[in-house]
Amino acid sequence: MIRRFCCLQSATSPPSLGGLSSKKKSLVLLGSPQVSATVLDALLNASASPDSSFEVAAIVTQPSARRDRGKKVLPSPLAKYALDRGFSSDLIFTPERAGEEAFLSNLKALQPELCITAAYGNILPSKFLNIPPLGTVNIHPSLLPLYRGAAPVQRALQDGVKETGVSLAFTVRELDAGPIIASEKVDIDEQIKGPDLLSVLFLEGSKLLVRELPSIFDGSARLKAHPQDHTKATLAPKISPEESWLSFDQEALVLHNKVSFLILFELCRTQHWRNAKRASNLLDSRNHSWKSMYIIILISWISLSIDSSDSHRATILFKSSKLLIMVGNKCCKVVLNFRLKTSRALDKTTPWSERVSSKLFYILRFD
């Protein structure tokens, strides 16, 4: 299946249009991750309605790649969902770049009225944007012009904002700067994680898209779309590997916000450990050498105070089945449901003795 799927997409001949109705306007969806499948589901369901004026003519997604722990070559989540829904494999395009001539030729043959992007992850050149007469509309998970870029959800969580949203905007060459058709606000729960918030936003974005499609197809969306105030624009660049580390010389709120979208941190001998009161407890008791370890934090929250009996104790301590990370006069309290990098997540009812390996205990043990 995968080999045939990949082979079909490398062909330069245009796909057959026999399965498309000439009475309905054709739409092409571009996306890759699981949230794109949410958008496809909404479009397929809406297009199946007897009074629908459009149909999904094709899908454009990232090429098959090695995924998951088994490193098997698999199609993107969007392509897999499309195949599961019975979408024709010869109508799924997987170009390396959206500017490839063979791909653009096939896209022109489809004569799409409109293109929709939903977390596609590929730059669209002018040659692409000039093909659909109604333009290309992007589902962007922020309230534009805020958080333009590749990581709007992560940056919103990092900033600790209480509200975000999703925007429908026409795509232009400048990054996420096109006129806004519509937007929807979404409140941010303080315990929500990045992937969950992203799913919520694309679910709302799917509903917003289906609601606005009639105005996009009849051209009225172009008239009502309002330009962005570029003076209020903020950027949301991709998260760098260096940003994934938690540094305990930062404020507790900063650490808590990071846990919402970054789950990997290292306990090792760095500058902010050297002055810790009980840094010696980070030594391996067997040979007194420094050790590094990885922990995946699943949940965290801010505790405004701790018991006075704990005030003299280590920067990291265990109390009431929780890991407490002391930061100034506050602490970032982490629920004990955490795991080593290569372990499976444990249920919060699992006894402490079964959660932690002996090596981890040696590194984090406190008297």
# chains A, B, ... in the order shown; residues from 1 in each chain; ligands from 1
call {"tool": "residues_around", "arguments": {"residues": "Glu55 (chain A)", "least_positions_apart": "4", "cutoff": "7 Å", "atoms": "only C-alpha atoms", "output": "PDB file with N, CA and C atoms, in the first residue's frame"}}
result
ATOM      1  N   LYS A  24     -20.208  20.762  -8.993  1.00  0.00           N
ATOM      2  CA  LYS A  24     -19.738  21.282  -7.710  1.00  0.00           C
ATOM      3  C   LYS A  24     -18.385  21.955  -7.866  1.00  0.00           C
ATOM      4  N   LYS A  25     -18.152  22.956  -7.037  1.00  0.00           N
ATOM      5  CA  LYS A  25     -16.866  23.644  -7.058  1.00  0.00           C
ATOM      6  C   LYS A  25     -15.820  22.786  -6.358  1.00  0.00           C
ATOM      7  N   SER A  26     -14.641  22.747  -6.940  1.00  0.00           N
ATOM      8  CA  SER A  26     -13.592  21.880  -6.403  1.00  0.00           C
ATOM      9  C   SER A  26     -12.724  22.630  -5.396  1.00  0.00           C
ATOM     10  N   LEU A  27     -12.359  21.912  -4.362  1.00  0.00           N
ATOM     11  CA  LEU A  27     -11.557  22.449  -3.264  1.00  0.00           C
ATOM     12  C   LEU A  27     -10.386  21.509  -3.028  1.00  0.00           C
ATOM     13  N   SER A  47     -19.386  18.249   2.499  1.00  0.00           N
ATOM     14  CA  SER A  47     -19.552  18.056   1.056  1.00  0.00           C
ATOM     15  C   SER A  47     -20.538  16.940   0.734  1.00  0.00           C
TER      16      SER A  47
END
call {"tool": "residues_around", "arguments": {"residues": "region 126-129 of chain A", "least_positions_apart": "5", "cutoff": "8 Å", "atoms": "only C-alpha atoms", "output": "list in words"}}
result
Ala98, Gly99, Leu104, Gly135, Thr136, Thr171, Val172 and Arg173 of chain A
call {"tool": "closest_atom_pairs", "arguments": {"of": "region 165-186 of chain A", "to": "region 227-231 of chain A", "cutoff": "10 Å", "atoms": "only C-alpha atoms", "output": "JSON lines"}}
result
{"residue": "A:Ala169", "atom": "CA", "partner": "A:Pro227", "partner_atom": "CA", "distance": 9.4}
{"residue": "A:Phe170", "atom": "CA", "partner": "A:Pro227", "partner_atom": "CA", "distance": 9.9}
{"residue": "A:Asp176", "atom": "CA", "partner": "A:Gln228", "partner_atom": "CA", "distance": 9.6}
{"residue": "A:Ala177", "atom": "CA", "partner": "A:Gln228", "partner_atom": "CA", "distance": 6.7}
{"residue": "A:Gly178", "atom": "CA", "partner": "A:Pro227", "partner_atom": "CA", "distance": 6.8}
{"residue": "A:Pro179", "atom": "CA", "partner": "A:Pro227", "partner_atom": "CA", "distance": 4.3}
{"residue": "A:Ile180", "atom": "CA", "partner": "A:Pro227", "partner_atom": "CA", "distance": 6.3}
{"residue": "A:Ile181", "atom": "CA", "partner": "A:Pro227", "partner_atom": "CA", "distance": 9.1}
call {"tool": "write_last_selection", "arguments": {"atoms": "all heavy atoms", "output": "compact mmCIF listing (two decimals), in the first residue's frame"}}
result
# COMPACT_ATOMS: atom_id res chain seq x y z
N ALA A 169 -7.83 33.28 7.19
CA ALA A 169 -7.24 34.41 6.49
C ALA A 169 -6.79 33.99 5.10
O ALA A 169 -6.35 32.86 4.88
CB ALA A 169 -6.06 34.98 7.26
N PHE A 170 -6.92 34.91 4.15
CA PHE A 170 -6.41 34.65 2.81
C PHE A 170 -4.88 34.62 2.87
O PHE A 170 -4.26 35.41 3.59
CB PHE A 170 -6.88 35.73 1.83
CG PHE A 170 -8.32 35.59 1.42
CD1 PHE A 170 -9.28 36.48 1.91
CD2 PHE A 170 -8.72 34.58 0.57
CE1 PHE A 170 -10.61 36.35 1.55
CE2 PHE A 170 -10.06 34.45 0.19
CZ PHE A 170 -11.00 35.33 0.68
N ASP A 176 1.59 34.75 7.15
CA ASP A 176 0.36 34.89 7.95
C ASP A 176 -0.13 36.34 8.01
O ASP A 176 -0.64 36.79 9.05
CB ASP A 176 0.59 34.37 9.38
CG ASP A 176 0.94 32.89 9.41
OD1 ASP A 176 0.39 32.14 8.58
OD2 ASP A 176 1.77 32.50 10.24
N ALA A 177 0.00 37.07 6.92
CA ALA A 177 -0.31 38.50 6.92
C ALA A 177 -1.51 38.86 6.06
O ALA A 177 -1.80 40.04 5.88
CB ALA A 177 0.91 39.29 6.45
N GLY A 178 -2.24 37.86 5.55
CA GLY A 178 -3.35 38.14 4.65
C GLY A 178 -4.59 38.67 5.35
O GLY A 178 -4.71 38.60 6.59
N PRO A 179 -5.55 39.20 4.58
CA PRO A 179 -6.80 39.70 5.15
C PRO A 179 -7.56 38.61 5.91
O PRO A 179 -7.60 37.46 5.48
CB PRO A 179 -7.58 40.16 3.91
CG PRO A 179 -6.54 40.38 2.87
CD PRO A 179 -5.47 39.39 3.12
N ILE A 180 -8.16 39.01 7.02
CA ILE A 180 -8.86 38.05 7.90
C ILE A 180 -10.33 37.97 7.52
O ILE A 180 -11.04 38.98 7.50
CB ILE A 180 -8.71 38.47 9.37
CG1 ILE A 180 -7.23 38.48 9.76
CG2 ILE A 180 -9.49 37.52 10.28
CD1 ILE A 180 -6.98 39.06 11.14
N ILE A 181 -10.79 36.76 7.24
CA ILE A 181 -12.20 36.53 6.90
C ILE A 181 -13.04 36.45 8.17
O ILE A 181 -14.10 37.08 8.28
CB ILE A 181 -12.35 35.22 6.10
CG1 ILE A 181 -11.51 35.28 4.82
CG2 ILE A 181 -13.81 34.94 5.78
CD1 ILE A 181 -11.39 33.94 4.12
call {"tool": "select_by_dssp", "arguments": {"residues": "region 138-246 of chain A", "states": "helix (DSSP H, G or I)", "output": "ChimeraX atom specification"}}
result
/A:152-159,194-218,220-224,230-232,241-244
call {"tool": "write_last_selection", "arguments": {"atoms": "N, CA and C atoms", "output": "tab-separated table (two decimals), in the first residue's frame"}}
result
chain	number	residue	atom	x	y	z
A	152	PRO	N	2.39	29.14	16.94
A	152	PRO	CA	1.51	30.09	17.64
A	152	PRO	C	0.94	29.55	18.95
A	153	VAL	N	0.62	28.27	18.99
A	153	VAL	CA	0.06	27.70	20.22
A	153	VAL	C	1.12	27.62	21.31
A	154	GLN	N	2.30	27.13	20.96
A	154	GLN	CA	3.37	27.03	21.95
A	154	GLN	C	3.75	28.39	22.51
A	155	ARG	N	3.84	29.40	21.65
A	155	ARG	CA	4.23	30.72	22.13
A	155	ARG	C	3.15	31.36	22.99
A	156	ALA	N	1.90	31.10	22.67
A	156	ALA	CA	0.81	31.62	23.51
A	156	ALA	C	0.87	31.02	24.91
A	157	LEU	N	1.12	29.71	24.98
A	157	LEU	CA	1.24	29.05	26.28
A	157	LEU	C	2.48	29.53	27.01
A	158	GLN	N	3.54	29.76	26.30
A	158	GLN	CA	4.76	30.26	26.91
A	158	GLN	C	4.54	31.63	27.54
A	159	ASP	N	3.74	32.46	26.88
A	159	ASP	CA	3.47	33.81	27.39
A	159	ASP	C	2.44	33.81	28.50
A	194	GLY	N	-0.08	21.86	25.06
A	194	GLY	CA	0.00	22.33	23.68
A	194	GLY	C	-0.77	21.48	22.67
A	195	PRO	N	-0.54	20.16	22.63
A	195	PRO	CA	-1.26	19.33	21.66
A	195	PRO	C	-2.78	19.38	21.81
A	196	ASP	N	-3.25	19.43	23.07
A	196	ASP	CA	-4.69	19.48	23.31
A	196	ASP	C	-5.27	20.82	22.85
A	197	LEU	N	-4.57	21.90	23.14
A	197	LEU	CA	-5.05	23.21	22.71
A	197	LEU	C	-5.04	23.31	21.19
A	198	LEU	N	-4.02	22.76	20.55
A	198	LEU	CA	-3.96	22.76	19.09
A	198	LEU	C	-5.16	22.02	18.50
A	199	SER	N	-5.53	20.89	19.09
A	199	SER	CA	-6.69	20.13	18.62
A	199	SER	C	-7.98	20.93	18.77
A	200	VAL	N	-8.12	21.60	19.91
A	200	VAL	CA	-9.31	22.42	20.15
A	200	VAL	C	-9.42	23.53	19.10
A	201	LEU	N	-8.30	24.18	18.83
A	201	LEU	CA	-8.31	25.31	17.90
A	201	LEU	C	-8.63	24.86	16.47
A	202	PHE	N	-8.10	23.73	16.05
A	202	PHE	CA	-8.39	23.27	14.70
A	202	PHE	C	-9.81	22.71	14.59
A	203	LEU	N	-10.35	22.20	15.68
A	203	LEU	CA	-11.76	21.79	15.67
A	203	LEU	C	-12.65	23.01	15.48
A	204	GLU	N	-12.35	24.08	16.23
A	204	GLU	CA	-13.11	25.31	16.07
A	204	GLU	C	-12.86	25.92	14.69
A	205	GLY	N	-11.63	25.82	14.21
A	205	GLY	CA	-11.31	26.33	12.89
A	205	GLY	C	-12.05	25.60	11.78
A	206	SER	N	-12.25	24.29	11.96
A	206	SER	CA	-13.01	23.50	10.98
A	206	SER	C	-14.45	23.97	10.90
A	207	LYS	N	-15.04	24.21	12.07
A	207	LYS	CA	-16.42	24.71	12.10
A	207	LYS	C	-16.51	26.08	11.45
A	208	LEU	N	-15.53	26.92	11.76
A	208	LEU	CA	-15.51	28.27	11.20
A	208	LEU	C	-15.37	28.21	9.68
A	209	LEU	N	-14.53	27.33	9.18
A	209	LEU	CA	-14.33	27.19	7.74
A	209	LEU	C	-15.62	26.76	7.04
A	210	VAL	N	-16.26	25.73	7.55
A	210	VAL	CA	-17.50	25.24	6.93
A	210	VAL	C	-18.56	26.33	6.92
A	211	ARG	N	-18.60	27.11	8.00
A	211	ARG	CA	-19.58	28.21	8.09
A	211	ARG	C	-19.30	29.30	7.08
A	212	GLU	N	-18.03	29.57	6.81
A	212	GLU	CA	-17.66	30.67	5.93
A	212	GLU	C	-17.49	30.26	4.47
A	213	LEU	N	-17.50	28.97	4.17
A	213	LEU	CA	-17.28	28.53	2.78
A	213	LEU	C	-18.26	29.15	1.78
A	214	PRO	N	-19.57	29.24	2.09
A	214	PRO	CA	-20.47	29.87	1.12
A	214	PRO	C	-20.05	31.29	0.73
A	215	SER	N	-19.61	32.08	1.71
A	215	SER	CA	-19.19	33.45	1.39
A	215	SER	C	-17.87	33.46	0.62
A	216	ILE	N	-17.02	32.48	0.87
A	216	ILE	CA	-15.77	32.40	0.12
A	216	ILE	C	-16.06	32.03	-1.34
A	217	PHE	N	-16.97	31.11	-1.55
A	217	PHE	CA	-17.29	30.67	-2.91
A	217	PHE	C	-18.05	31.73	-3.70
A	218	ASP	N	-18.91	32.51	-3.04
A	218	ASP	CA	-19.65	33.54	-3.80
A	218	ASP	C	-18.89	34.86	-3.89
A	220	SER	N	-18.12	37.03	-1.56
A	220	SER	CA	-18.40	38.08	-0.57
A	220	SER	C	-17.36	38.10	0.55
A	221	ALA	N	-16.67	36.97	0.77
A	221	ALA	CA	-15.65	36.94	1.80
A	221	ALA	C	-14.51	37.90	1.47
A	222	ARG	N	-14.22	38.07	0.19
A	222	ARG	CA	-13.18	39.02	-0.22
A	222	ARG	C	-13.55	40.45	0.15
A	223	LEU	N	-14.83	40.73	0.06
A	223	LEU	CA	-15.30	42.09	0.35
A	223	LEU	C	-15.33	42.37	1.85
A	224	LYS	N	-15.68	41.37	2.64
A	224	LYS	CA	-15.78	41.60	4.09
A	224	LYS	C	-14.47	41.38	4.83
A	230	HIS	N	-0.69	45.53	10.96
A	230	HIS	CA	0.67	44.99	11.03
A	230	HIS	C	1.47	45.57	12.19
A	231	THR	N	1.05	46.72	12.71
A	231	THR	CA	1.77	47.30	13.84
A	231	THR	C	1.55	46.50	15.13
A	232	LYS	N	0.52	45.67	15.15
A	232	LYS	CA	0.22	44.86	16.33
A	232	LYS	C	0.68	43.41	16.16
A	241	PRO	N	15.75	23.71	19.91
A	241	PRO	CA	16.14	22.71	20.91
A	241	PRO	C	16.66	23.34	22.20
A	242	GLU	N	17.33	24.47	22.09
A	242	GLU	CA	17.89	25.12	23.28
A	242	GLU	C	16.79	25.59	24.22
A	243	GLU	N	15.63	25.91	23.68
A	243	GLU	CA	14.53	26.40	24.52
A	243	GLU	C	13.83	25.28	25.29
A	244	SER	N	14.16	24.04	24.99
A	244	SER	CA	13.45	22.93	25.61
A	244	SER	C	13.94	22.61	27.01
call {"tool": "closest_residue", "arguments": {"among": "A:Pro132, A:Pro125, A:Pro237, A:Gly165", "to": "Leu144 (chain A)", "atoms": "only C-alpha atoms"}}
result
A:Gly165
call {"tool": "select_by_dssp", "arguments": {"residues": "region 66-145 of chain A", "states": "strand (DSSP E)", "output": "list in words"}}
result
Arg66, Arg67, Lys72, Val73, Leu74, Ile92, Phe93, Leu114, Cys115, Ile116, Thr117, Ala118, Thr136, Val137, Asn138, Ile139 and His140 of chain A
call {"tool": "atom_distance", "arguments": {"atom1": "CA of Arg148 (chain A)", "atom2": "CA of Ala236 (chain A)"}}
result
5.4 Å
call {"tool": "atom_distance", "arguments": {"atom1": "CA of Tyr120 (chain A)", "atom2": "CA of Ala48 (chain A)"}}
result
23.9 Å
